[in-house]
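Quick look at upload_6.cif (mmCIF, N, CA and C atoms and all ligand atoms):
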```cif
data_coords
loop_
_atom_site.label_atom_id
_atom_site.label_comp_id
_atom_site.auth_asym_id
_atom_site.auth_seq_id
_atom_site.Cartn_x
_atom_site.Cartn_y
_atom_site.Cartn_z
N MET Z 13 -16.37 3.93 -12.33
CA MET Z 13 -16.38 3.89 -10.87
C MET Z 13 -17.17 5.06 -10.29
N GLU Z 14 -17.87 4.79 -9.23
CA GLU Z 14 -18.82 5.74 -8.67
C GLU Z 14 -18.20 7.10 -8.35
N ASP Z 15 -17.08 7.10 -7.64
CA ASP Z 15 -16.54 8.36 -7.13
C ASP Z 15 -15.41 8.94 -7.98
N CYS Z 16 -15.14 8.31 -9.11
CA CYS Z 16 -14.01 8.76 -9.93
C CYS Z 16 -14.38 10.04 -10.69
N LEU Z 17 -13.54 11.07 -10.55
CA LEU Z 17 -13.79 12.36 -11.19
C LEU Z 17 -13.98 12.24 -12.70
N PHE Z 18 -13.09 11.48 -13.35
CA PHE Z 18 -13.16 11.40 -14.81
C PHE Z 18 -14.31 10.50 -15.28
N CYS Z 19 -14.69 9.51 -14.47
CA CYS Z 19 -15.91 8.74 -14.78
C CYS Z 19 -17.12 9.67 -14.73
N LYS Z 20 -17.14 10.56 -13.75
CA LYS Z 20 -18.25 11.52 -13.64
C LYS Z 20 -18.28 12.45 -14.84
N ILE Z 21 -17.10 12.87 -15.29
CA ILE Z 21 -17.03 13.72 -16.50
C ILE Z 21 -17.51 12.92 -17.71
N ALA Z 22 -17.10 11.65 -17.81
CA ALA Z 22 -17.52 10.81 -18.94
C ALA Z 22 -19.03 10.60 -18.93
N ARG Z 23 -19.62 10.53 -17.75
CA ARG Z 23 -21.08 10.35 -17.63
C ARG Z 23 -21.84 11.68 -17.69
N LYS Z 24 -21.09 12.79 -17.82
CA LYS Z 24 -21.66 14.15 -17.89
C LYS Z 24 -22.33 14.57 -16.58
N GLU Z 25 -21.91 13.95 -15.49
CA GLU Z 25 -22.42 14.38 -14.18
C GLU Z 25 -21.70 15.63 -13.71
N ILE Z 26 -20.49 15.82 -14.25
CA ILE Z 26 -19.72 17.03 -14.00
C ILE Z 26 -19.45 17.66 -15.36
N PRO Z 27 -19.73 18.97 -15.50
CA PRO Z 27 -19.52 19.60 -16.81
C PRO Z 27 -18.03 19.71 -17.15
N SER Z 28 -17.72 19.64 -18.42
CA SER Z 28 -16.35 19.86 -18.88
C SER Z 28 -16.43 20.46 -20.28
N GLU Z 29 -15.31 20.99 -20.73
CA GLU Z 29 -15.24 21.60 -22.06
C GLU Z 29 -14.89 20.51 -23.06
N VAL Z 30 -15.94 19.81 -23.51
CA VAL Z 30 -15.74 18.66 -24.40
C VAL Z 30 -15.37 19.12 -25.80
N VAL Z 31 -14.31 18.53 -26.35
CA VAL Z 31 -13.90 18.85 -27.73
C VAL Z 31 -14.04 17.65 -28.66
N TYR Z 32 -14.21 16.46 -28.07
CA TYR Z 32 -14.29 15.24 -28.88
C TYR Z 32 -15.07 14.19 -28.10
N GLU Z 33 -15.90 13.43 -28.82
CA GLU Z 33 -16.57 12.33 -28.16
C GLU Z 33 -16.91 11.25 -29.18
N ASP Z 34 -16.68 10.01 -28.82
CA ASP Z 34 -17.21 8.88 -29.58
C ASP Z 34 -17.71 7.86 -28.55
N GLU Z 35 -18.03 6.68 -29.03
CA GLU Z 35 -18.62 5.67 -28.15
C GLU Z 35 -17.70 5.27 -26.98
N TRP Z 36 -16.38 5.34 -27.21
CA TRP Z 36 -15.43 4.80 -26.25
C TRP Z 36 -14.58 5.83 -25.52
N SER Z 37 -14.42 7.00 -26.14
CA SER Z 37 -13.47 7.97 -25.62
C SER Z 37 -14.06 9.37 -25.54
N LEU Z 38 -13.46 10.20 -24.69
CA LEU Z 38 -13.88 11.58 -24.54
C LEU Z 38 -12.64 12.46 -24.46
N GLY Z 39 -12.67 13.58 -25.19
CA GLY Z 39 -11.59 14.56 -25.11
C GLY Z 39 -12.15 15.86 -24.56
N PHE Z 40 -11.48 16.43 -23.56
CA PHE Z 40 -11.95 17.69 -22.97
C PHE Z 40 -10.75 18.53 -22.54
N LEU Z 41 -10.98 19.85 -22.47
CA LEU Z 41 -9.88 20.76 -22.12
C LEU Z 41 -9.46 20.57 -20.67
N ASP Z 42 -8.14 20.57 -20.45
CA ASP Z 42 -7.61 20.57 -19.10
C ASP Z 42 -8.03 21.87 -18.41
N LEU Z 43 -8.49 21.76 -17.16
CA LEU Z 43 -8.94 22.95 -16.42
C LEU Z 43 -7.79 23.91 -16.11
N HIS Z 44 -6.59 23.37 -16.09
CA HIS Z 44 -5.41 24.19 -15.82
C HIS Z 44 -4.42 24.02 -16.97
N PRO Z 45 -4.75 24.64 -18.13
CA PRO Z 45 -3.98 24.39 -19.34
C PRO Z 45 -2.53 24.87 -19.23
N LEU Z 46 -1.61 24.04 -19.72
CA LEU Z 46 -0.19 24.41 -19.77
C LEU Z 46 0.10 25.21 -21.03
N SER Z 47 -0.78 25.08 -22.03
CA SER Z 47 -0.67 25.88 -23.25
C SER Z 47 -2.04 25.84 -23.92
N ILE Z 48 -2.21 26.66 -24.95
CA ILE Z 48 -3.54 26.75 -25.56
C ILE Z 48 -3.97 25.39 -26.13
N GLY Z 49 -5.19 25.01 -25.80
CA GLY Z 49 -5.76 23.77 -26.34
C GLY Z 49 -5.43 22.52 -25.56
N HIS Z 50 -4.63 22.63 -24.50
CA HIS Z 50 -4.22 21.47 -23.67
C HIS Z 50 -5.45 20.59 -23.39
N THR Z 51 -5.42 19.40 -23.96
CA THR Z 51 -6.58 18.51 -23.93
C THR Z 51 -6.25 17.20 -23.23
N LEU Z 52 -7.23 16.66 -22.53
CA LEU Z 52 -7.11 15.33 -21.92
C LEU Z 52 -8.02 14.39 -22.68
N VAL Z 53 -7.51 13.22 -23.00
CA VAL Z 53 -8.32 12.20 -23.68
C VAL Z 53 -8.41 11.00 -22.75
N ILE Z 54 -9.64 10.56 -22.49
CA ILE Z 54 -9.87 9.45 -21.56
C ILE Z 54 -10.72 8.36 -22.21
N PRO Z 55 -10.52 7.12 -21.76
CA PRO Z 55 -11.50 6.09 -22.12
C PRO Z 55 -12.74 6.33 -21.27
N LYS Z 56 -13.93 6.11 -21.84
CA LYS Z 56 -15.15 6.30 -21.05
C LYS Z 56 -15.26 5.24 -19.96
N GLN Z 57 -14.75 4.06 -20.27
CA GLN Z 57 -14.75 2.98 -19.27
C GLN Z 57 -13.61 3.21 -18.30
N HIS Z 58 -13.88 3.05 -17.00
CA HIS Z 58 -12.83 3.30 -16.02
C HIS Z 58 -11.64 2.35 -16.19
N ALA Z 59 -10.46 2.92 -16.23
CA ALA Z 59 -9.21 2.16 -16.19
C ALA Z 59 -8.22 3.07 -15.49
N GLU Z 60 -7.53 2.53 -14.51
CA GLU Z 60 -6.61 3.37 -13.75
C GLU Z 60 -5.42 3.79 -14.59
N ASN Z 61 -4.96 2.88 -15.46
CA ASN Z 61 -3.79 3.18 -16.28
C ASN Z 61 -3.85 2.31 -17.53
N ILE Z 62 -2.84 2.42 -18.38
CA ILE Z 62 -2.89 1.72 -19.66
C ILE Z 62 -2.83 0.21 -19.50
N ILE Z 63 -2.20 -0.26 -18.41
CA ILE Z 63 -2.16 -1.71 -18.17
C ILE Z 63 -3.56 -2.22 -17.84
N ASP Z 64 -4.32 -1.37 -17.18
CA ASP Z 64 -5.67 -1.71 -16.74
C ASP Z 64 -6.70 -1.61 -17.88
N LEU Z 65 -6.35 -0.94 -18.97
CA LEU Z 65 -7.29 -0.72 -20.07
C LEU Z 65 -7.39 -1.97 -20.96
N PRO Z 66 -8.62 -2.48 -21.20
CA PRO Z 66 -8.76 -3.65 -22.08
C PRO Z 66 -8.12 -3.40 -23.45
N ASP Z 67 -7.48 -4.44 -24.00
CA ASP Z 67 -6.74 -4.32 -25.26
C ASP Z 67 -7.57 -3.64 -26.35
N GLU Z 68 -8.84 -4.02 -26.45
CA GLU Z 68 -9.65 -3.51 -27.57
C GLU Z 68 -9.94 -2.02 -27.44
N LEU Z 69 -9.70 -1.43 -26.27
CA LEU Z 69 -9.96 0.00 -26.11
C LEU Z 69 -8.71 0.86 -26.30
N VAL Z 70 -7.54 0.22 -26.34
CA VAL Z 70 -6.29 0.97 -26.49
C VAL Z 70 -6.25 1.67 -27.84
N GLY Z 71 -6.57 0.93 -28.89
CA GLY Z 71 -6.57 1.51 -30.24
C GLY Z 71 -7.62 2.60 -30.38
N LYS Z 72 -8.79 2.38 -29.75
CA LYS Z 72 -9.86 3.40 -29.79
C LYS Z 72 -9.36 4.69 -29.16
N LEU Z 73 -8.71 4.56 -27.99
CA LEU Z 73 -8.22 5.74 -27.28
C LEU Z 73 -7.19 6.49 -28.12
N PHE Z 74 -6.24 5.75 -28.70
CA PHE Z 74 -5.18 6.43 -29.45
C PHE Z 74 -5.66 6.93 -30.81
N GLY Z 75 -6.73 6.33 -31.33
CA GLY Z 75 -7.36 6.90 -32.52
C GLY Z 75 -7.91 8.29 -32.21
N ALA Z 76 -8.52 8.42 -31.03
CA ALA Z 76 -9.04 9.72 -30.60
C ALA Z 76 -7.89 10.71 -30.38
N VAL Z 77 -6.80 10.24 -29.78
CA VAL Z 77 -5.64 11.10 -29.55
C VAL Z 77 -5.12 11.64 -30.89
N LYS Z 78 -5.05 10.78 -31.88
CA LYS Z 78 -4.56 11.19 -33.20
C LYS Z 78 -5.46 12.26 -33.81
N LEU Z 79 -6.77 12.01 -33.79
CA LEU Z 79 -7.70 12.97 -34.41
C LEU Z 79 -7.64 14.33 -33.72
N ILE Z 80 -7.62 14.31 -32.39
CA ILE Z 80 -7.61 15.57 -31.64
C ILE Z 80 -6.30 16.32 -31.88
N THR Z 81 -5.18 15.57 -31.95
CA THR Z 81 -3.89 16.22 -32.21
C THR Z 81 -3.91 16.91 -33.57
N GLU Z 82 -4.46 16.25 -34.58
CA GLU Z 82 -4.54 16.86 -35.90
C GLU Z 82 -5.43 18.10 -35.87
N ALA Z 83 -6.54 18.02 -35.15
CA ALA Z 83 -7.44 19.17 -35.03
C ALA Z 83 -6.77 20.33 -34.32
N MET Z 84 -6.02 20.02 -33.24
CA MET Z 84 -5.29 21.07 -32.52
C MET Z 84 -4.24 21.70 -33.42
N ASN Z 85 -3.63 20.88 -34.26
CA ASN Z 85 -2.63 21.39 -35.20
C ASN Z 85 -3.27 22.40 -36.15
N ASN Z 86 -4.47 22.07 -36.63
CA ASN Z 86 -5.17 22.97 -37.54
C ASN Z 86 -5.68 24.22 -36.83
N ALA Z 87 -6.17 24.04 -35.60
CA ALA Z 87 -6.80 25.16 -34.89
C ALA Z 87 -5.79 26.14 -34.32
N PHE Z 88 -4.66 25.63 -33.79
CA PHE Z 88 -3.77 26.50 -33.02
C PHE Z 88 -2.38 26.66 -33.64
N LYS Z 89 -2.12 25.93 -34.72
CA LYS Z 89 -0.85 26.05 -35.44
C LYS Z 89 0.38 26.03 -34.52
N PRO Z 90 0.50 25.03 -33.64
CA PRO Z 90 1.69 24.96 -32.79
C PRO Z 90 2.90 24.52 -33.62
N ARG Z 91 4.10 24.61 -33.02
CA ARG Z 91 5.31 24.14 -33.68
C ARG Z 91 5.50 22.64 -33.47
N GLY Z 92 4.75 22.08 -32.49
CA GLY Z 92 4.81 20.65 -32.19
C GLY Z 92 3.93 20.34 -31.00
N PHE Z 93 4.08 19.13 -30.47
CA PHE Z 93 3.26 18.69 -29.34
C PHE Z 93 4.10 17.90 -28.35
N THR Z 94 3.69 17.90 -27.10
CA THR Z 94 4.12 16.87 -26.17
C THR Z 94 2.85 16.08 -25.84
N ILE Z 95 2.91 14.77 -26.07
CA ILE Z 95 1.78 13.89 -25.83
C ILE Z 95 2.23 12.87 -24.80
N GLY Z 96 1.52 12.79 -23.67
CA GLY Z 96 2.03 11.89 -22.65
C GLY Z 96 1.03 11.49 -21.58
N ILE Z 97 1.45 10.48 -20.84
CA ILE Z 97 0.64 9.90 -19.77
C ILE Z 97 1.47 9.90 -18.49
N ASN Z 98 0.94 10.48 -17.42
CA ASN Z 98 1.54 10.28 -16.10
C ASN Z 98 0.92 9.01 -15.53
N HIS Z 99 1.75 8.01 -15.29
CA HIS Z 99 1.28 6.69 -14.86
C HIS Z 99 1.75 6.47 -13.43
N GLY Z 100 0.83 6.58 -12.47
CA GLY Z 100 1.18 6.37 -11.05
C GLY Z 100 1.51 7.70 -10.37
N ARG Z 101 1.30 7.71 -9.05
CA ARG Z 101 1.54 8.91 -8.24
C ARG Z 101 2.94 9.49 -8.45
N ILE Z 102 3.95 8.61 -8.51
CA ILE Z 102 5.33 9.08 -8.58
C ILE Z 102 5.58 9.90 -9.84
N SER Z 103 4.80 9.62 -10.88
CA SER Z 103 4.99 10.36 -12.13
C SER Z 103 4.14 11.62 -12.18
N GLY Z 104 3.27 11.79 -11.17
CA GLY Z 104 2.43 12.98 -11.14
C GLY Z 104 0.99 12.74 -11.52
N GLN Z 105 0.58 11.47 -11.63
CA GLN Z 105 -0.83 11.19 -11.93
C GLN Z 105 -1.69 11.62 -10.73
N LEU Z 106 -2.63 12.53 -10.97
CA LEU Z 106 -3.43 13.08 -9.88
C LEU Z 106 -4.83 12.46 -9.83
N VAL Z 107 -5.32 12.02 -10.99
CA VAL Z 107 -6.64 11.37 -11.05
C VAL Z 107 -6.40 9.93 -11.49
N ASP Z 108 -6.93 8.98 -10.72
CA ASP Z 108 -6.66 7.56 -10.98
C ASP Z 108 -7.56 7.00 -12.09
N HIS Z 109 -7.62 7.72 -13.19
CA HIS Z 109 -8.35 7.28 -14.39
C HIS Z 109 -7.46 7.68 -15.55
N LEU Z 110 -7.03 6.70 -16.30
CA LEU Z 110 -6.11 6.93 -17.43
C LEU Z 110 -6.50 8.17 -18.24
N HIS Z 111 -5.53 9.04 -18.47
CA HIS Z 111 -5.76 10.19 -19.35
C HIS Z 111 -4.49 10.53 -20.10
N VAL Z 112 -4.67 10.85 -21.37
CA VAL Z 112 -3.54 11.22 -22.22
C VAL Z 112 -3.55 12.74 -22.38
N HIS Z 113 -2.44 13.38 -22.04
CA HIS Z 113 -2.32 14.82 -22.23
C HIS Z 113 -1.85 15.10 -23.65
N ILE Z 114 -2.50 16.04 -24.31
CA ILE Z 114 -2.00 16.56 -25.59
C ILE Z 114 -1.73 18.05 -25.36
N ILE Z 115 -0.46 18.41 -25.48
CA ILE Z 115 -0.02 19.76 -25.14
C ILE Z 115 0.63 20.41 -26.35
N THR Z 116 0.11 21.55 -26.76
CA THR Z 116 0.71 22.28 -27.89
C THR Z 116 2.04 22.88 -27.45
N ARG Z 117 2.99 22.90 -28.38
CA ARG Z 117 4.32 23.45 -28.08
C ARG Z 117 4.67 24.58 -29.04
N TYR Z 118 5.29 25.61 -28.48
CA TYR Z 118 5.65 26.80 -29.25
C TYR Z 118 7.08 27.20 -28.91
N ASP Z 119 7.68 27.96 -29.81
CA ASP Z 119 9.01 28.52 -29.53
C ASP Z 119 8.94 29.34 -28.24
N GLY Z 120 9.93 29.18 -27.39
CA GLY Z 120 10.02 29.98 -26.17
C GLY Z 120 8.97 29.67 -25.12
N ASP Z 121 8.39 28.46 -25.14
CA ASP Z 121 7.34 28.14 -24.15
C ASP Z 121 7.90 27.64 -22.82
N ASN Z 122 9.21 27.65 -22.68
CA ASN Z 122 9.89 27.26 -21.44
C ASN Z 122 9.68 25.80 -21.07
N GLY Z 123 9.21 24.99 -22.00
CA GLY Z 123 9.02 23.58 -21.73
C GLY Z 123 10.26 22.78 -22.08
N GLY Z 124 10.26 21.51 -21.63
CA GLY Z 124 11.34 20.60 -21.97
C GLY Z 124 10.79 19.43 -22.75
N SER Z 125 11.67 18.50 -23.03
CA SER Z 125 11.24 17.30 -23.75
C SER Z 125 10.97 16.19 -22.75
N ILE Z 126 10.49 15.07 -23.23
CA ILE Z 126 10.31 13.88 -22.40
C ILE Z 126 11.64 13.54 -21.70
N HIS Z 127 12.75 13.82 -22.39
CA HIS Z 127 14.07 13.52 -21.81
C HIS Z 127 14.40 14.35 -20.59
N SER Z 128 13.62 15.40 -20.33
CA SER Z 128 13.89 16.24 -19.15
C SER Z 128 13.11 15.77 -17.92
N VAL Z 129 12.27 14.75 -18.08
CA VAL Z 129 11.39 14.32 -16.98
C VAL Z 129 12.17 13.56 -15.90
N VAL Z 130 13.10 12.70 -16.30
CA VAL Z 130 13.82 11.85 -15.34
C VAL Z 130 15.30 11.84 -15.70
N LYS Z 131 16.15 11.84 -14.66
CA LYS Z 131 17.59 11.67 -14.85
C LYS Z 131 18.03 10.52 -13.95
N ASN Z 132 17.78 9.30 -14.40
CA ASN Z 132 18.06 8.13 -13.58
C ASN Z 132 18.53 6.98 -14.46
N PRO Z 133 19.64 7.20 -15.20
CA PRO Z 133 20.08 6.15 -16.13
C PRO Z 133 20.51 4.89 -15.38
N PRO Z 134 20.21 3.71 -15.92
CA PRO Z 134 20.55 2.46 -15.24
C PRO Z 134 22.06 2.18 -15.30
N ARG Z 135 22.55 1.42 -14.29
CA ARG Z 135 23.95 0.98 -14.30
C ARG Z 135 24.11 -0.27 -15.17
N GLU Z 136 23.02 -1.04 -15.29
CA GLU Z 136 23.06 -2.28 -16.04
C GLU Z 136 23.29 -2.00 -17.52
N PRO Z 137 24.07 -2.85 -18.19
CA PRO Z 137 24.27 -2.68 -19.63
C PRO Z 137 22.97 -2.91 -20.40
N LEU Z 138 22.85 -2.24 -21.55
CA LEU Z 138 21.62 -2.33 -22.36
C LEU Z 138 21.24 -3.78 -22.66
N GLU Z 139 22.25 -4.62 -22.98
CA GLU Z 139 21.95 -6.00 -23.34
C GLU Z 139 21.26 -6.74 -22.20
N GLN Z 140 21.70 -6.47 -20.96
CA GLN Z 140 21.06 -7.11 -19.80
C GLN Z 140 19.63 -6.62 -19.63
N VAL Z 141 19.44 -5.32 -19.79
CA VAL Z 141 18.09 -4.74 -19.67
C VAL Z 141 17.19 -5.30 -20.75
N ARG Z 142 17.72 -5.34 -21.99
CA ARG Z 142 16.95 -5.90 -23.11
C ARG Z 142 16.52 -7.34 -22.82
N SER Z 143 17.44 -8.13 -22.33
CA SER Z 143 17.19 -9.52 -22.05
C SER Z 143 16.07 -9.70 -21.01
N GLU Z 144 16.14 -8.92 -19.92
CA GLU Z 144 15.11 -9.01 -18.88
C GLU Z 144 13.75 -8.60 -19.42
N LEU Z 145 13.75 -7.49 -20.17
CA LEU Z 145 12.48 -6.98 -20.67
C LEU Z 145 11.89 -7.91 -21.73
N LYS Z 146 12.78 -8.42 -22.61
CA LYS Z 146 12.31 -9.32 -23.67
C LYS Z 146 11.68 -10.57 -23.07
N LYS Z 147 12.26 -11.07 -22.00
CA LYS Z 147 11.71 -12.25 -21.32
C LYS Z 147 10.29 -11.94 -20.82
N ALA Z 148 10.11 -10.76 -20.23
CA ALA Z 148 8.80 -10.35 -19.71
C ALA Z 148 7.80 -10.15 -20.85
N VAL Z 149 8.26 -9.58 -21.96
CA VAL Z 149 7.39 -9.39 -23.13
C VAL Z 149 6.95 -10.75 -23.67
N ASP Z 150 7.91 -11.65 -23.84
CA ASP Z 150 7.60 -12.98 -24.38
C ASP Z 150 6.58 -13.71 -23.50
N SER Z 151 6.75 -13.58 -22.18
CA SER Z 151 5.85 -14.21 -21.24
C SER Z 151 4.42 -13.69 -21.40
N LEU Z 152 4.29 -12.36 -21.52
CA LEU Z 152 2.94 -11.78 -21.71
C LEU Z 152 2.35 -12.17 -23.06
N GLN Z 153 3.21 -12.17 -24.09
CA GLN Z 153 2.71 -12.52 -25.42
C GLN Z 153 2.21 -13.96 -25.46
N SER Z 154 2.95 -14.88 -24.84
CA SER Z 154 2.51 -16.27 -24.89
C SER Z 154 1.25 -16.47 -24.06
N LYS Z 155 1.12 -15.70 -22.96
CA LYS Z 155 -0.08 -15.73 -22.15
C LYS Z 155 -1.28 -15.24 -22.97
N LYS Z 156 -1.11 -14.14 -23.71
CA LYS Z 156 -2.20 -13.59 -24.54
C LYS Z 156 -2.57 -14.54 -25.68
N ASN Z 157 -1.55 -15.20 -26.26
CA ASN Z 157 -1.83 -16.11 -27.36
C ASN Z 157 -2.66 -17.31 -26.92
N LYS Z 158 -2.56 -17.66 -25.61
CA LYS Z 158 -3.34 -18.79 -25.10
C LYS Z 158 -4.77 -18.38 -24.78
N GLU Z 159 -5.02 -17.08 -24.66
CA GLU Z 159 -6.37 -16.61 -24.30
C GLU Z 159 -7.36 -16.80 -25.46
ZN ZN Z 201 -12.84 6.54 -13.70
#
```
Can you turn what I pasted into structure tokens?
Amino acid sequence: MEDCLFCKIARKEIPSEVVYEDEWSLGFLDLHPLSIGHTLVIPKQHAENIIDLPDELVGKLFGAVKLITEAMNNAFKPRGFTIGINHGRISGQLVDHLHVHIITRYDGDNGGSIHSVVKNPPREPLEQVRSELKKAVDSLQSKKNKE
């Protein structure tokens, strides 16, 4: 997209600290790192979020995430990682172009886990939630199988 910040970075119209590049994906350092090596991985093709990303590019993107995570592990020797996507404004997505954060984690870094992001457990029993979601999954799967 013409005015998208991350599309401009992917097209090299805006400079960034690139750490990884292949035909489909680009990895570059976050300008405001939460820890050393904090990297963003994006598909070069514009997609607002993972739902918007064509199926064939999902594996390419996560292949890049895997390689960069292993490289960060070798380069910075963290104790672990938080790897995540803010999807939608409510979750904190600031740029409307899918990006995966890879964040190194260390003892005493004052961070939390994914479990600390939201405290909104459902009232519905798990079986009811499973049933609703499974119905939606089955519907999408049968739609894809017809394509
Ligand atoms: Zn974009």
Need the shell around range 82-99 of chain Z: protein/DNA/RNA residues with any atom at most 5 Å away, counting only N, CA and C atoms. Skip same-chain ones fewer than 6 positions apart. Format as a PDB file with N, CA and C atoms, in the coordinates of the input?
```pdb
ATOM      1  N   GLN Z 105       0.580  11.470 -11.630  1.00  0.00           N
ATOM      2  CA  GLN Z 105      -0.830  11.190 -11.930  1.00  0.00           C
ATOM      3  C   GLN Z 105      -1.690  11.620 -10.730  1.00  0.00           C
ATOM      4  N   VAL Z 112      -4.670  10.850 -21.370  1.00  0.00           N
ATOM      5  CA  VAL Z 112      -3.540  11.220 -22.220  1.00  0.00           C
ATOM      6  C   VAL Z 112      -3.550  12.740 -22.380  1.00  0.00           C
ATOM      7  N   HIS Z 113      -2.440  13.380 -22.040  1.00  0.00           N
ATOM      8  CA  HIS Z 113      -2.320  14.820 -22.230  1.00  0.00           C
ATOM      9  C   HIS Z 113      -1.850  15.100 -23.650  1.00  0.00           C
ATOM     10  N   ILE Z 114      -2.500  16.040 -24.310  1.00  0.00           N
ATOM     11  CA  ILE Z 114      -2.000  16.560 -25.590  1.00  0.00           C
ATOM     12  C   ILE Z 114      -1.730  18.050 -25.360  1.00  0.00           C
ATOM     13  N   ILE Z 115      -0.460  18.410 -25.480  1.00  0.00           N
ATOM     14  CA  ILE Z 115      -0.020  19.760 -25.140  1.00  0.00           C
ATOM     15  C   ILE Z 115       0.630  20.410 -26.350  1.00  0.00           C
ATOM     16  N   THR Z 116       0.110  21.550 -26.760  1.00  0.00           N
ATOM     17  CA  THR Z 116       0.710  22.280 -27.890  1.00  0.00           C
ATOM     18  C   THR Z 116       2.040  22.880 -27.450  1.00  0.00           C
ATOM     19  N   ARG Z 117       2.990  22.900 -28.380  1.00  0.00           N
ATOM     20  CA  ARG Z 117       4.320  23.450 -28.080  1.00  0.00           C
ATOM     21  C   ARG Z 117       4.670  24.580 -29.040  1.00  0.00           C
ATOM     22  N   TYR Z 118       5.290  25.610 -28.480  1.00  0.00           N
ATOM     23  CA  TYR Z 118       5.650  26.800 -29.250  1.00  0.00           C
ATOM     24  C   TYR Z 118       7.080  27.200 -28.910  1.00  0.00           C
TER      25      TYR Z 118
END
```
Name the closest residue to Ser28 in chain Z among the candidates Z:Val53, Z:Lys155, Z:Asp42, Z:Leu110; distances are taken between atoms, counting only C-alpha atoms.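 Once distances to Ser28 in chain Z are computed over only C-alpha atoms, the minimum belongs to Z:Asp42.
Residues within 8 Å of Cys16 in chain Z, counting only C-alpha atoms and excluding same-chain residues fewer than 6 positions away, are Val107, Asp108 and His109 of chain Z.
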Report as a ChimeraX atom specification: the residues of chain Z with a DSSP assignment of strand (DSSP E), based on the backbone of this structure. /Z:30-33,37-41,51-55,92-96,112-117
Residues from the last selection, N, CA and C atoms, saved as a short mmCIF file (atom, residue, chain, number, x, y, z; two decimals), keeping the file's coordinate frame:
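The file below, selection_35.cif, is the result:
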```cif
data_model
loop_
_atom_site.label_atom_id
_atom_site.label_comp_id
_atom_site.auth_asym_id
_atom_site.auth_seq_id
_atom_site.Cartn_x
_atom_site.Cartn_y
_atom_site.Cartn_z
N VAL Z 30 -15.94 19.81 -23.51
CA VAL Z 30 -15.74 18.66 -24.40
C VAL Z 30 -15.37 19.12 -25.80
N VAL Z 31 -14.31 18.53 -26.35
CA VAL Z 31 -13.90 18.85 -27.73
C VAL Z 31 -14.04 17.65 -28.66
N TYR Z 32 -14.21 16.46 -28.07
CA TYR Z 32 -14.29 15.24 -28.88
C TYR Z 32 -15.07 14.19 -28.10
N GLU Z 33 -15.90 13.43 -28.82
CA GLU Z 33 -16.57 12.33 -28.16
C GLU Z 33 -16.91 11.25 -29.18
N SER Z 37 -14.42 7.00 -26.14
CA SER Z 37 -13.47 7.97 -25.62
C SER Z 37 -14.06 9.37 -25.54
N LEU Z 38 -13.46 10.20 -24.69
CA LEU Z 38 -13.88 11.58 -24.54
C LEU Z 38 -12.64 12.46 -24.46
N GLY Z 39 -12.67 13.58 -25.19
CA GLY Z 39 -11.59 14.56 -25.11
C GLY Z 39 -12.15 15.86 -24.56
N PHE Z 40 -11.48 16.43 -23.56
CA PHE Z 40 -11.95 17.69 -22.97
C PHE Z 40 -10.75 18.53 -22.54
N LEU Z 41 -10.98 19.85 -22.47
CA LEU Z 41 -9.88 20.76 -22.12
C LEU Z 41 -9.46 20.57 -20.67
N THR Z 51 -5.42 19.40 -23.96
CA THR Z 51 -6.58 18.51 -23.93
C THR Z 51 -6.25 17.20 -23.23
N LEU Z 52 -7.23 16.66 -22.53
CA LEU Z 52 -7.11 15.33 -21.92
C LEU Z 52 -8.02 14.39 -22.68
N VAL Z 53 -7.51 13.22 -23.00
CA VAL Z 53 -8.32 12.20 -23.68
C VAL Z 53 -8.41 11.00 -22.75
N ILE Z 54 -9.64 10.56 -22.49
CA ILE Z 54 -9.87 9.45 -21.56
C ILE Z 54 -10.72 8.36 -22.21
N PRO Z 55 -10.52 7.12 -21.76
CA PRO Z 55 -11.50 6.09 -22.12
C PRO Z 55 -12.74 6.33 -21.27
N GLY Z 92 4.75 22.08 -32.49
CA GLY Z 92 4.81 20.65 -32.19
C GLY Z 92 3.93 20.34 -31.00
N PHE Z 93 4.08 19.13 -30.47
CA PHE Z 93 3.26 18.69 -29.34
C PHE Z 93 4.10 17.90 -28.35
N THR Z 94 3.69 17.90 -27.10
CA THR Z 94 4.12 16.87 -26.17
C THR Z 94 2.85 16.08 -25.84
N ILE Z 95 2.91 14.77 -26.07
CA ILE Z 95 1.78 13.89 -25.83
C ILE Z 95 2.23 12.87 -24.80
N GLY Z 96 1.52 12.79 -23.67
CA GLY Z 96 2.03 11.89 -22.65
C GLY Z 96 1.03 11.49 -21.58
N VAL Z 112 -4.67 10.85 -21.37
CA VAL Z 112 -3.54 11.22 -22.22
C VAL Z 112 -3.55 12.74 -22.38
N HIS Z 113 -2.44 13.38 -22.04
CA HIS Z 113 -2.32 14.82 -22.23
C HIS Z 113 -1.85 15.10 -23.65
N ILE Z 114 -2.50 16.04 -24.31
CA ILE Z 114 -2.00 16.56 -25.59
C ILE Z 114 -1.73 18.05 -25.36
N ILE Z 115 -0.46 18.41 -25.48
CA ILE Z 115 -0.02 19.76 -25.14
C ILE Z 115 0.63 20.41 -26.35
N THR Z 116 0.11 21.55 -26.76
CA THR Z 116 0.71 22.28 -27.89
C THR Z 116 2.04 22.88 -27.45
N ARG Z 117 2.99 22.90 -28.38
CA ARG Z 117 4.32 23.45 -28.08
C ARG Z 117 4.67 24.58 -29.04
#
```
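Atom to atom, atom C of Leu52 in chain Z and atom C of Ile21 in chain Z stand 10.8 Å apart.
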Taking all atoms listed in the file into account, name the residue in Z:Pro45, Z:Pro27, Z:Gly39, Z:Pro55 that is nearest to ligand ZN 201 (chain Z). Z:Pro55
Computed interatomic separation between CA of Asp121 in chain Z and CA of Leu106 in chain Z (Å): 23.4 Å
So how far away is CA of His111 in chain Z from atom C of Leu69 in chain Z, in Å? 12.0 Å
From range 52-113 of chain Z, collect each residue whose DSSP state is helix (DSSP H, G or I) and return the set as number ranges by chain. Z: 67-88, 101-103
Taking the structure I provided as the source, export range 66-72 of chain Z with C-alpha atoms, as an mmCIF file, in the first residue's frame.
```cif
data_model
loop_
_atom_site.group_PDB
_atom_site.id
_atom_site.type_symbol
_atom_site.label_atom_id
_atom_site.label_comp_id
_atom_site.auth_asym_id
_atom_site.auth_seq_id
_atom_site.Cartn_x
_atom_site.Cartn_y
_atom_site.Cartn_z
ATOM 1 C CA PRO Z 66 -2.564 -15.183 1.898
ATOM 2 C CA ASP Z 67 -2.191 -18.787 3.131
ATOM 3 C CA GLU Z 68 0.962 -19.412 1.109
ATOM 4 C CA LEU Z 69 2.758 -16.521 2.842
ATOM 5 C CA VAL Z 70 1.979 -17.586 6.416
ATOM 6 C CA GLY Z 71 4.551 -20.380 6.405
ATOM 7 C CA LYS Z 72 7.120 -18.110 4.731
#
```
